[in-house]
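Chemist: I'm passing along protein_34.cif; it holds mmCIF, C-alpha atoms.
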data_model
loop_
_atom_site.label_atom_id
_atom_site.label_comp_id
_atom_site.auth_asym_id
_atom_site.auth_seq_id
_atom_site.Cartn_x
_atom_site.Cartn_y
_atom_site.Cartn_z
CA MET A 7 111.20 79.33 80.68
CA SER A 8 111.79 76.63 78.13
CA SER A 9 109.80 76.38 74.95
CA GLY A 10 109.19 72.67 75.50
CA GLY A 11 105.86 71.06 76.36
CA THR A 12 105.44 72.83 79.69
CA GLY A 13 103.89 76.07 78.26
CA ARG A 14 100.62 76.58 80.10
CA SER A 15 101.37 74.37 83.10
CA GLY A 16 104.73 76.12 83.50
CA ARG A 17 103.09 79.57 83.48
CA VAL A 18 100.45 78.46 85.96
CA ALA A 19 103.10 76.91 88.23
CA ALA A 20 105.20 80.08 88.02
CA ALA A 21 102.13 82.17 88.86
CA ALA A 22 101.42 79.96 91.86
CA VAL A 23 104.97 80.53 93.12
CA VAL A 24 104.54 84.28 92.59
CA LEU A 25 101.28 84.31 94.54
CA VAL A 26 102.68 82.21 97.39
CA ALA A 27 105.61 84.63 97.61
CA THR A 28 103.18 87.54 97.75
CA GLY A 29 101.26 85.81 100.52
CA ALA A 30 104.52 85.46 102.42
CA LEU A 31 105.08 89.20 102.00
CA ALA A 32 101.69 89.85 103.56
CA GLY A 33 102.44 87.56 106.48
CA CYS A 34 105.83 89.04 107.31
CA GLY A 35 104.92 92.71 106.82
CA ALA A 36 107.96 93.21 104.58
CA PRO A 37 108.50 96.54 103.78
CA GLY A 38 99.15 98.11 74.02
CA SER A 39 97.16 95.48 72.68
CA PRO A 40 93.43 94.91 72.89
CA VAL A 41 92.19 93.89 76.30
CA SER A 42 92.22 90.11 76.32
CA SER A 43 90.89 87.57 78.76
CA GLY A 44 93.40 84.97 77.61
CA SER A 45 91.03 83.53 75.03
CA SER A 46 91.29 84.03 71.31
CA THR A 47 88.64 86.75 71.36
CA ALA A 48 89.41 90.14 72.82
CA ALA A 49 87.03 91.65 75.33
CA SER A 50 85.72 95.09 74.56
CA SER A 51 86.66 98.00 76.74
CA ALA A 52 83.10 98.98 77.53
CA PRO A 53 82.30 102.55 78.55
CA VAL A 54 83.12 103.24 82.16
CA PRO A 55 80.11 104.30 84.24
CA ALA A 56 80.26 107.64 86.04
CA GLY A 57 81.61 107.27 89.56
CA SER A 58 83.52 104.12 88.64
CA SER A 59 87.11 103.69 89.79
CA ALA A 60 88.23 103.18 86.19
CA ALA A 61 89.17 106.16 84.01
CA ALA A 62 90.64 106.82 80.56
CA ASP A 63 93.75 104.70 81.23
CA ALA A 64 91.80 101.91 82.91
CA VAL A 65 89.11 99.32 82.45
CA THR A 66 87.30 97.25 85.05
CA LEU A 67 87.44 93.52 85.64
CA ARG A 68 84.02 93.26 83.97
CA ALA A 69 85.50 94.73 80.76
CA LEU A 70 87.98 91.84 80.82
CA GLY A 71 85.07 89.41 80.97
CA ILE A 72 85.63 88.64 84.67
CA ALA A 73 82.26 87.97 86.30
CA ASN A 74 83.49 88.01 89.91
CA GLY A 75 85.71 90.27 91.99
CA PRO A 76 85.03 93.74 93.35
CA ASP A 77 82.81 96.00 91.26
CA GLY A 78 84.76 98.74 89.51
CA PHE A 79 88.19 97.26 90.28
CA PRO A 80 90.60 99.08 87.93
CA VAL A 81 93.19 97.41 85.73
CA PRO A 82 95.29 99.03 82.99
CA GLU A 83 93.62 99.46 79.64
CA GLY A 84 95.18 97.05 77.15
CA LEU A 85 96.14 94.49 79.80
CA ILE A 86 96.70 91.09 78.21
CA VAL A 87 95.77 88.23 80.53
CA SER A 88 97.39 84.88 79.77
CA GLU A 89 95.63 82.83 82.47
CA GLN A 90 92.74 83.55 84.80
CA VAL A 91 90.69 82.16 87.65
CA ASP A 92 87.21 83.65 87.99
CA ASN A 93 85.47 82.28 91.09
CA PRO A 94 83.03 84.03 93.43
CA ASN A 95 85.58 84.22 96.26
CA ASN A 96 88.83 84.36 94.25
CA VAL A 97 89.94 86.07 91.06
CA THR A 98 93.45 85.66 89.72
CA LEU A 99 94.90 87.22 86.59
CA VAL A 100 98.27 86.07 85.28
CA ILE A 101 100.09 88.39 82.89
CA ASP A 102 103.54 88.30 81.34
CA SER A 103 106.39 89.98 83.19
CA PHE A 104 106.75 92.63 80.47
CA GLN A 105 103.45 94.15 81.67
CA GLY A 106 104.43 93.68 85.31
CA GLU A 107 106.24 96.95 86.09
CA SER A 108 103.63 99.16 84.41
CA THR A 109 100.78 97.26 86.08
CA TYR A 110 102.52 97.55 89.45
CA GLN A 111 102.90 101.33 89.00
CA PHE A 112 99.30 101.62 87.80
CA LEU A 113 97.97 99.78 90.88
CA ARG A 114 100.13 101.88 93.24
CA ARG A 115 98.57 105.04 91.76
CA ARG A 116 95.02 103.86 91.29
CA LEU A 117 94.14 101.59 94.23
CA PRO A 118 94.01 104.28 96.96
CA ALA A 119 91.71 106.46 94.83
CA ALA A 120 89.53 103.41 94.14
CA GLY A 121 89.01 102.77 97.88
CA TYR A 122 91.74 100.24 98.62
CA THR A 123 94.39 100.47 101.34
CA ILE A 124 97.87 99.32 100.41
CA GLY A 125 99.30 97.48 103.40
CA ASP A 126 102.66 96.40 101.99
CA ASP A 127 104.58 97.72 99.01
CA ALA A 128 108.07 96.39 98.28
CA ASN A 129 110.04 94.81 95.46
CA GLN A 130 107.27 95.23 92.87
CA SER A 131 104.79 93.51 95.18
CA LEU A 132 101.65 94.96 96.73
CA VAL A 133 99.29 93.66 99.37
CA PHE A 134 96.05 95.60 99.69
CA SER A 135 92.46 95.42 100.95
CA GLY A 136 89.17 97.21 100.56
CA LYS A 137 85.51 96.83 99.64
CA GLY A 138 85.36 93.44 101.39
CA TRP A 139 88.29 91.99 99.40
CA GLN A 140 91.97 91.30 100.02
CA GLY A 141 94.44 91.40 97.17
CA ALA A 142 98.02 91.00 96.12
CA PHE A 143 100.07 91.76 93.03
CA THR A 144 103.64 90.75 92.33
CA VAL A 145 106.11 90.47 89.49
CA SER A 146 108.71 87.74 88.93
CA GLN A 147 111.18 87.33 86.07
CA GLU A 148 108.69 85.17 84.17
CA VAL A 149 105.18 86.30 85.07
CA ALA A 150 103.18 88.78 87.09
CA ALA A 151 99.91 88.05 88.86
CA LEU A 152 97.05 89.81 90.54
CA THR A 153 94.88 87.91 92.97
CA LEU A 154 91.76 89.10 94.73
CA ARG A 155 90.20 87.09 97.52
CA ARG A 156 87.06 87.55 99.57
CA PRO A 157 87.94 86.46 103.13
#
In structure tokens, how does this file's structure come out?
Modeler:
Amino acid sequence: MSSGGTGRSGRVAAAAVVLVATGALAGCGAPGSPVSSGSSTAASSAPVPAGSSAAADAVTLRALGIANGPDGFPVPEGLIVSEQVDNPNNVTLVIDSFQGESTYQFLRRRLPAAGYTIGDDANQSLVFSGKGWQGAFTVSQEVAALTLRRP
């Protein structure tokens, strides 16, 4: 990605391409730092309630300052979010590609225990569902993104 004036819009466009590609995967059935919400202030990693799907190596979306999305949805502790969408029926987190592989491995391990079924898992991309939500995660050379959608 160039360092010109495209910064944020380039990252968002790249994330959109990543998410569209993940959606295509679902359709075809193909095989750190402080937690940050992308703003200049870091969110605290609040204590995890008993029975939550987050554990010592995880925080929930709420700890990232995300108001919507499934309760107790686990993400890696220390995840740095560069862009986000936080709507009642759609939550998207865009992270840099350097966090992509570890986040992918984290989600592969943690989602089934948290009550989600992984439907597709290939090429550092996951498609999953559970608790009334559908989700996808994928990694490109430039960015990685997690999206959760209430159908």
Chemist: Just want the 10 Å neighbourhood of stretch 96-99 of chain A, counted on all atoms listed in the file, with same-chain residues fewer than 4 positions away dropped. Output as an NGL selection string.
Modeler: :A and (21 or 25 or 43-44 or 67 or 72-76 or 86-92 or 139-143 or 150-157)
Chemist: Considering only C-alpha atoms, return as a PyMOL selection string whatever protein or nucleic-acid residues lie within 8 Å of A:Ser135, sequence-local ones (same chain, fewer than 6 positions apart) excluded.
Modeler: chain A and resi 122-125+141
Chemist: Quick one: which residues end up in the PyMOL selection byres ((chain A and resi 105) around 10) for this structure, as a count of residues only?
Modeler: 18
Chemist: What does the distance from atom CA of A:Arg68 to atom CA of A:Ala119 come to in Å, to one decimal?
Modeler: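 These two atoms are separated by 18.7 Å.
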Chemist: Expressed in Å to a single decimal, how great is the separation between atom CA of A:Asn129 and atom CA of A:Arg115?
Modeler: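 Atom-to-atom, atom CA of A:Asn129 and atom CA of A:Arg115 are spaced 15.8 Å apart.
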Chemist: To one decimal place in Å, what is the distance between atom CA of A:Gly78 and atom CA of A:Gln147?
Modeler: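 Atom-to-atom, atom CA of A:Gly78 to atom CA of A:Gln147, that is 29.0 Å.
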Chemist: Considering only C-alpha atoms, state which residue in the set A:Gly138, A:Pro118, A:Phe112, A:Thr144 is at the smallest distance from A:Glu83.
Modeler: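 Result for the nearest residue to A:Glu83: A:Phe112.
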Chemist: Centre and edge lengths, as AutoDock Vina command-line options, for the axis-aligned box enclosing every listed atom of stretch 141-156 of chain A with 5 Å of padding on each of the six sides, in Å to one decimal?
Modeler:
--center_x 99.1 --center_y 88.5 --center_z 91.9 --size_x 34.1 --size_y 16.6 --size_z 25.4
